[in-house]
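Down below is the structure, laid out as structure tokens.
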Amino acid sequence: MKRLLTVENLTVAGIILGILAGVYLPELMLNLKFLGDVFLNLLKMIVIPLIFVSIFMSIASLASLNDLKNMGIKALLYYFSTTALAVFTGLVITNIMKFDVSGIPKEGEVPQINSFTWEAFLNTLIPSNIFESFAEGKAIHVILFSILFAVAVVGLVNSKKEKVVGFFDGTNDALLKIAKWIIALSPVGVFSLIGYVVADKGIGVIISLWQYVVVVIVGILIHAVINLGLIAYLVGKFNPFKYFTKVREAILVAFSTCSSSATLPVSLEVATEKAKVDKKTAGFVLPLGATVNMDGTALYEAVAAIFIASLFGIELTLFQQVIIFITATLAAVGAASIPSAGLVTMTLVFSAVGLPLEGIAIIIAVDRFLDMFRTATNVWGDLIGAKIISRLMKND
Ligand code: ASP
């Protein structure tokens, strides 16, 4: 009995009970929202220090800066190629499973979304005040500063270097210990988060958009199971199913929180403790991946663009599909790792091929639901990447 009551199994039970309670006891679940918020806040509480310290420790413990270049190139190559593969899969599936859009209303309330522009994005890459970036949880700034700081520390004389590294080594372990305590609360946290979403949105909204929902989910499953599974098997030479059973807690938390960054403490913990991925690699590849590597988001943006085009009767040329391929890949890199971030960067894809932005208003009703699947895939992609790169770096 005790073996059955693991945090992972209880989390699965939390998700199932959350869905049931959301359907049958919506009032209760709306009132229990605070439990999910507490869980989410606890995760967010440690994520920024954890990103800083884990990237710092991973670089500081590399044998040389050449290793950093090596790992960085491998990670970026992995992120980029898997994201592009995800978009490609989305495009192929949508072209095979043609949408029948008769009967779907074309109205919706246009959301307040600031359009995404690359100028603004690039401008926000460099922090002007690192403390402000820490306070506002700007992961990309923290990553950049952490890399600079680590490279500087590696160049210090040994006596000074050891002091700084020793301090952050202890800090890292302490943060991971806190992560473990928070993870123990995940069954209750996911129960409340999922139950609230079901109670608030209702299952009914899915019905009119069911084809869109099905295509996104089928595409995501093909990418997560077949594409990433094969990459794990062929490039990383490990069994993805066995790996999944070790890291599944992170996937379940990603599914319930819809935030890759809030899931990061869990991903780091399960990857290093349960799946025994080398700490140096996981400490670098997971935080960076949580911020820039989003396969599920990329796939979903491509499917959404084609769906809205069919709904508005717009025939997309092959050239326009290539533009969708490129912009969806970039939009996924630019998306923040928080709930519904993909909706914001979707404006980039829509504008690039001239689709009406009102289209976003139509699919917003099912966004939170699809966010669960895409965030789970985003985190799964990061975890597979961490294992593959640690194998390629011969650390595993
Ligand atoms: N919620 C997703 C994530 O955190 C991003 C998105 O909206 O697609 O990974």
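Here's how to read the names in the structure tokens: chain A, B, ... by the order shown, residue numbers from 1 in each chain, ligand numbers from 1 in the order shown.
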**Asked** Hey, what's within 12 Å of Val214 of chain A if we count only C-alpha atoms and toss same-chain stuff fewer than 4 positions away? As a PyMOL selection string, please?
**Response** chain A and resi 90+93-94+97-99+206-210+218-221+300+303-304+307+366+369-370+373
Kindly save the residues from that selection, with C-alpha atoms included, as a PDB file, in the first residue's frame.
ATOM      1  CA  GLY A  90       1.756  20.405 -36.783  1.00  0.00           C
ATOM      2  CA  ILE A  93      -1.183  16.894 -39.401  1.00  0.00           C
ATOM      3  CA  THR A  94      -3.336  19.914 -40.238  1.00  0.00           C
ATOM      4  CA  MET A  97      -6.772  16.146 -41.061  1.00  0.00           C
ATOM      5  CA  LYS A  98      -8.524  18.945 -42.940  1.00  0.00           C
ATOM      6  CA  PHE A  99     -10.783  21.166 -40.810  1.00  0.00           C
ATOM      7  CA  ILE A 206     -14.430  22.434 -26.049  1.00  0.00           C
ATOM      8  CA  ILE A 207     -17.396  21.121 -28.024  1.00  0.00           C
ATOM      9  CA  SER A 208     -17.654  23.701 -30.818  1.00  0.00           C
ATOM     10  CA  LEU A 209     -13.895  23.799 -31.271  1.00  0.00           C
ATOM     11  CA  TRP A 210     -13.418  20.061 -30.911  1.00  0.00           C
ATOM     12  CA  VAL A 218      -2.924  14.501 -31.775  1.00  0.00           C
ATOM     13  CA  GLY A 219      -0.026  16.612 -33.097  1.00  0.00           C
ATOM     14  CA  ILE A 220       1.388  17.079 -29.619  1.00  0.00           C
ATOM     15  CA  LEU A 221       1.146  13.372 -28.834  1.00  0.00           C
ATOM     16  CA  TYR A 300       0.075  24.766 -31.430  1.00  0.00           C
ATOM     17  CA  VAL A 303      -2.117  24.546 -36.077  1.00  0.00           C
ATOM     18  CA  ALA A 304      -3.949  27.638 -34.790  1.00  0.00           C
ATOM     19  CA  PHE A 307      -7.339  26.628 -38.329  1.00  0.00           C
ATOM     20  CA  VAL A 366      -9.964  26.565 -25.219  1.00  0.00           C
ATOM     21  CA  PHE A 369      -7.073  23.561 -21.827  1.00  0.00           C
ATOM     22  CA  LEU A 370      -4.564  23.291 -24.686  1.00  0.00           C
ATOM     23  CA  PHE A 373      -0.860  19.808 -23.170  1.00  0.00           C
TER      24      PHE A 373
END
Show me a table, sorted first by chain and then by increasing residue number, of the residues of chain A having an atom at most 10 Å from ligand 1, each with its shortest atom pair and the distance in Å to one decimal, counting only C-alpha atoms and all ligand atoms and written as JSON lines.
{"residue": "A:Ala254", "atom": "CA", "partner": "ligand 1", "partner_atom_place_in_ligand_line": "4 (O)", "distance": 7.7}
{"residue": "A:Phe255", "atom": "CA", "partner": "ligand 1", "partner_atom_place_in_ligand_line": "1 (N)", "distance": 9.1}
{"residue": "A:Thr257", "atom": "CA", "partner": "ligand 1", "partner_atom_place_in_ligand_line": "1 (N)", "distance": 8.2}
{"residue": "A:Cys258", "atom": "CA", "partner": "ligand 1", "partner_atom_place_in_ligand_line": "1 (N)", "distance": 4.6}
{"residue": "A:Ser259", "atom": "CA", "partner": "ligand 1", "partner_atom_place_in_ligand_line": "4 (O)", "distance": 3.4}
{"residue": "A:Ser260", "atom": "CA", "partner": "ligand 1", "partner_atom_place_in_ligand_line": "4 (O)", "distance": 3.9}
{"residue": "A:Ser261", "atom": "CA", "partner": "ligand 1", "partner_atom_place_in_ligand_line": "4 (O)", "distance": 6.3}
{"residue": "A:Ala262", "atom": "CA", "partner": "ligand 1", "partner_atom_place_in_ligand_line": "4 (O)", "distance": 7.9}
{"residue": "A:Thr263", "atom": "CA", "partner": "ligand 1", "partner_atom_place_in_ligand_line": "4 (O)", "distance": 8.5}
{"residue": "A:Gly289", "atom": "CA", "partner": "ligand 1", "partner_atom_place_in_ligand_line": "9 (O)", "distance": 9.8}
{"residue": "A:Ala290", "atom": "CA", "partner": "ligand 1", "partner_atom_place_in_ligand_line": "9 (O)", "distance": 7.0}
{"residue": "A:Thr291", "atom": "CA", "partner": "ligand 1", "partner_atom_place_in_ligand_line": "9 (O)", "distance": 7.9}
{"residue": "A:Val292", "atom": "CA", "partner": "ligand 1", "partner_atom_place_in_ligand_line": "9 (O)", "distance": 9.0}
{"residue": "A:Asn293", "atom": "CA", "partner": "ligand 1", "partner_atom_place_in_ligand_line": "9 (O)", "distance": 8.4}
{"residue": "A:Met294", "atom": "CA", "partner": "ligand 1", "partner_atom_place_in_ligand_line": "9 (O)", "distance": 6.1}
{"residue": "A:Asp295", "atom": "CA", "partner": "ligand 1", "partner_atom_place_in_ligand_line": "9 (O)", "distance": 8.8}
{"residue": "A:Gly296", "atom": "CA", "partner": "ligand 1", "partner_atom_place_in_ligand_line": "8 (O)", "distance": 6.8}
{"residue": "A:Thr297", "atom": "CA", "partner": "ligand 1", "partner_atom_place_in_ligand_line": "8 (O)", "distance": 4.2}
{"residue": "A:Ala298", "atom": "CA", "partner": "ligand 1", "partner_atom_place_in_ligand_line": "8 (O)", "distance": 7.7}
{"residue": "A:Leu299", "atom": "CA", "partner": "ligand 1", "partner_atom_place_in_ligand_line": "8 (O)", "distance": 9.5}
{"residue": "A:Tyr300", "atom": "CA", "partner": "ligand 1", "partner_atom_place_in_ligand_line": "8 (O)", "distance": 7.8}
{"residue": "A:Glu301", "atom": "CA", "partner": "ligand 1", "partner_atom_place_in_ligand_line": "8 (O)", "distance": 8.4}
{"residue": "A:Ala331", "atom": "CA", "partner": "ligand 1", "partner_atom_place_in_ligand_line": "8 (O)", "distance": 9.6}
{"residue": "A:Ala332", "atom": "CA", "partner": "ligand 1", "partner_atom_place_in_ligand_line": "8 (O)", "distance": 7.3}
{"residue": "A:Val333", "atom": "CA", "partner": "ligand 1", "partner_atom_place_in_ligand_line": "5 (C)", "distance": 9.8}
{"residue": "A:Gly334", "atom": "CA", "partner": "ligand 1", "partner_atom_place_in_ligand_line": "5 (C)", "distance": 9.8}
{"residue": "A:Ala335", "atom": "CA", "partner": "ligand 1", "partner_atom_place_in_ligand_line": "5 (C)", "distance": 6.2}
{"residue": "A:Ala336", "atom": "CA", "partner": "ligand 1", "partner_atom_place_in_ligand_line": "5 (C)", "distance": 6.2}
{"residue": "A:Ser337", "atom": "CA", "partner": "ligand 1", "partner_atom_place_in_ligand_line": "4 (O)", "distance": 3.4}
{"residue": "A:Ile338", "atom": "CA", "partner": "ligand 1", "partner_atom_place_in_ligand_line": "4 (O)", "distance": 4.0}
{"residue": "A:Pro339", "atom": "CA", "partner": "ligand 1", "partner_atom_place_in_ligand_line": "1 (N)", "distance": 3.9}
{"residue": "A:Ser340", "atom": "CA", "partner": "ligand 1", "partner_atom_place_in_ligand_line": "7 (O)", "distance": 3.7}
{"residue": "A:Ala341", "atom": "CA", "partner": "ligand 1", "partner_atom_place_in_ligand_line": "7 (O)", "distance": 3.7}
{"residue": "A:Gly342", "atom": "CA", "partner": "ligand 1", "partner_atom_place_in_ligand_line": "7 (O)", "distance": 3.6}
{"residue": "A:Leu343", "atom": "CA", "partner": "ligand 1", "partner_atom_place_in_ligand_line": "7 (O)", "distance": 6.2}
{"residue": "A:Val344", "atom": "CA", "partner": "ligand 1", "partner_atom_place_in_ligand_line": "7 (O)", "distance": 8.1}
{"residue": "A:Thr345", "atom": "CA", "partner": "ligand 1", "partner_atom_place_in_ligand_line": "7 (O)", "distance": 8.7}
{"residue": "A:Met346", "atom": "CA", "partner": "ligand 1", "partner_atom_place_in_ligand_line": "8 (O)", "distance": 9.5}
{"residue": "A:Asp367", "atom": "CA", "partner": "ligand 1", "partner_atom_place_in_ligand_line": "7 (O)", "distance": 8.4}
{"residue": "A:Arg368", "atom": "CA", "partner": "ligand 1", "partner_atom_place_in_ligand_line": "7 (O)", "distance": 8.5}
{"residue": "A:Leu370", "atom": "CA", "partner": "ligand 1", "partner_atom_place_in_ligand_line": "8 (O)", "distance": 8.6}
{"residue": "A:Asp371", "atom": "CA", "partner": "ligand 1", "partner_atom_place_in_ligand_line": "1 (N)", "distance": 5.5}
{"residue": "A:Met372", "atom": "CA", "partner": "ligand 1", "partner_atom_place_in_ligand_line": "1 (N)", "distance": 7.3}
{"residue": "A:Phe373", "atom": "CA", "partner": "ligand 1", "partner_atom_place_in_ligand_line": "2 (C)", "distance": 9.0}
{"residue": "A:Arg374", "atom": "CA", "partner": "ligand 1", "partner_atom_place_in_ligand_line": "8 (O)", "distance": 6.0}
{"residue": "A:Thr375", "atom": "CA", "partner": "ligand 1", "partner_atom_place_in_ligand_line": "9 (O)", "distance": 4.2}
{"residue": "A:Ala376", "atom": "CA", "partner": "ligand 1", "partner_atom_place_in_ligand_line": "9 (O)", "distance": 7.5}
{"residue": "A:Thr377", "atom": "CA", "partner": "ligand 1", "partner_atom_place_in_ligand_line": "9 (O)", "distance": 8.2}
{"residue": "A:Asn378", "atom": "CA", "partner": "ligand 1", "partner_atom_place_in_ligand_line": "9 (O)", "distance": 5.6}
{"residue": "A:Val379", "atom": "CA", "partner": "ligand 1", "partner_atom_place_in_ligand_line": "9 (O)", "distance": 7.1}
Residue subset to file, keeping C-alpha atoms, as a PDB file, in the first residue's frame:
ATOM      1  CA  ALA A 254       3.602  21.243 -16.020  1.00  0.00           C
ATOM      2  CA  PHE A 255       0.182  19.966 -17.108  1.00  0.00           C
ATOM      3  CA  THR A 257       0.360  24.744 -13.706  1.00  0.00           C
ATOM      4  CA  CYS A 258       0.651  25.593 -17.439  1.00  0.00           C
ATOM      5  CA  SER A 259       3.994  27.177 -16.689  1.00  0.00           C
ATOM      6  CA  SER A 260       7.366  25.740 -17.715  1.00  0.00           C
ATOM      7  CA  SER A 261       9.189  28.086 -15.389  1.00  0.00           C
ATOM      8  CA  ALA A 262       7.062  27.256 -12.340  1.00  0.00           C
ATOM      9  CA  THR A 263       7.773  23.594 -13.145  1.00  0.00           C
ATOM     10  CA  GLY A 289      15.193  25.105 -22.085  1.00  0.00           C
ATOM     11  CA  ALA A 290      12.351  26.213 -19.808  1.00  0.00           C
ATOM     12  CA  THR A 291      12.829  29.706 -21.176  1.00  0.00           C
ATOM     13  CA  VAL A 292      13.468  29.156 -24.888  1.00  0.00           C
ATOM     14  CA  ASN A 293      12.583  25.583 -25.848  1.00  0.00           C
ATOM     15  CA  MET A 294       8.843  25.172 -26.428  1.00  0.00           C
ATOM     16  CA  ASP A 295       7.910  22.428 -28.846  1.00  0.00           C
ATOM     17  CA  GLY A 296       4.279  22.208 -27.769  1.00  0.00           C
ATOM     18  CA  THR A 297       3.787  25.961 -28.122  1.00  0.00           C
ATOM     19  CA  ALA A 298       5.388  25.994 -31.573  1.00  0.00           C
ATOM     20  CA  LEU A 299       3.195  23.165 -32.843  1.00  0.00           C
ATOM     21  CA  TYR A 300       0.075  24.766 -31.430  1.00  0.00           C
ATOM     22  CA  GLU A 301       0.815  28.137 -33.049  1.00  0.00           C
ATOM     23  CA  ALA A 331       7.327  32.777 -31.695  1.00  0.00           C
ATOM     24  CA  ALA A 332       7.849  29.735 -29.488  1.00  0.00           C
ATOM     25  CA  VAL A 333      11.366  30.908 -28.614  1.00  0.00           C
ATOM     26  CA  GLY A 334       9.991  34.339 -27.753  1.00  0.00           C
ATOM     27  CA  ALA A 335       7.100  33.059 -25.621  1.00  0.00           C
ATOM     28  CA  ALA A 336       7.511  33.486 -21.875  1.00  0.00           C
ATOM     29  CA  SER A 337       7.192  30.306 -19.844  1.00  0.00           C
ATOM     30  CA  ILE A 338       3.943  31.326 -18.146  1.00  0.00           C
ATOM     31  CA  PRO A 339       0.287  30.425 -18.805  1.00  0.00           C
ATOM     32  CA  SER A 340      -1.116  31.648 -22.138  1.00  0.00           C
ATOM     33  CA  ALA A 341       2.181  33.189 -23.263  1.00  0.00           C
ATOM     34  CA  GLY A 342       1.740  31.381 -26.573  1.00  0.00           C
ATOM     35  CA  LEU A 343      -1.372  33.443 -27.296  1.00  0.00           C
ATOM     36  CA  VAL A 344       0.635  36.659 -27.179  1.00  0.00           C
ATOM     37  CA  THR A 345       3.383  35.548 -29.537  1.00  0.00           C
ATOM     38  CA  MET A 346       0.753  34.119 -31.856  1.00  0.00           C
ATOM     39  CA  ASP A 367      -6.557  28.101 -24.652  1.00  0.00           C
ATOM     40  CA  ARG A 368      -6.099  27.117 -21.032  1.00  0.00           C
ATOM     41  CA  LEU A 370      -4.564  23.291 -24.686  1.00  0.00           C
ATOM     42  CA  ASP A 371      -1.952  25.118 -22.613  1.00  0.00           C
ATOM     43  CA  MET A 372      -1.870  22.083 -20.318  1.00  0.00           C
ATOM     44  CA  PHE A 373      -0.860  19.808 -23.170  1.00  0.00           C
ATOM     45  CA  ARG A 374       1.618  22.167 -24.746  1.00  0.00           C
ATOM     46  CA  THR A 375       3.328  23.038 -21.445  1.00  0.00           C
ATOM     47  CA  ALA A 376       3.659  19.326 -20.604  1.00  0.00           C
ATOM     48  CA  THR A 377       5.283  18.811 -24.034  1.00  0.00           C
ATOM     49  CA  ASN A 378       7.545  21.828 -23.565  1.00  0.00           C
ATOM     50  CA  VAL A 379       8.844  20.408 -20.293  1.00  0.00           C
TER      51      VAL A 379
END
Please tabulate, as a tab-separated table, the residues of segment 193-306 of chain A that come within 7 Å of segment 1-25 of chain A, each with its closest pair of atoms and the distance in Å to one decimal, counting only C-alpha atoms and ordering rows by chain, then residue number upward.
residue	atom	partner	partner_atom	distance
A:Ile194	CA	A:Gly18	CA	5.4
A:Gly195	CA	A:Gly18	CA	4.1
A:Tyr196	CA	A:Gly22	CA	6.3
A:Val198	CA	A:Gly22	CA	4.9
A:Ala199	CA	A:Gly22	CA	4.4
A:Glu249	CA	A:Glu8	CA	5.4
**Prompt:** Counting only C-alpha atoms, which of A:Val151, A:Leu348, A:Val38, A:Ser310 gets nearest to Ile324 of chain A?
**Reply:** A:Leu348
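Once Asp200 of chain A and its same-chain neighbours fewer than 3 positions away are set aside, Pro26, Leu30, Tyr196 and Val197 of chain A remain within 8 Å of it when counting only C-alpha atoms.
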**Request:** Tell me, as number ranges by chain, which residues lie within 10 Å of segment 58-65 of chain A, counting only C-alpha atoms; anything in the same chain fewer than 4 positions away does not count.
**Result:** A: 53-54, 69-71, 146-155, 161-162, 164-165, 168-169, 278-285
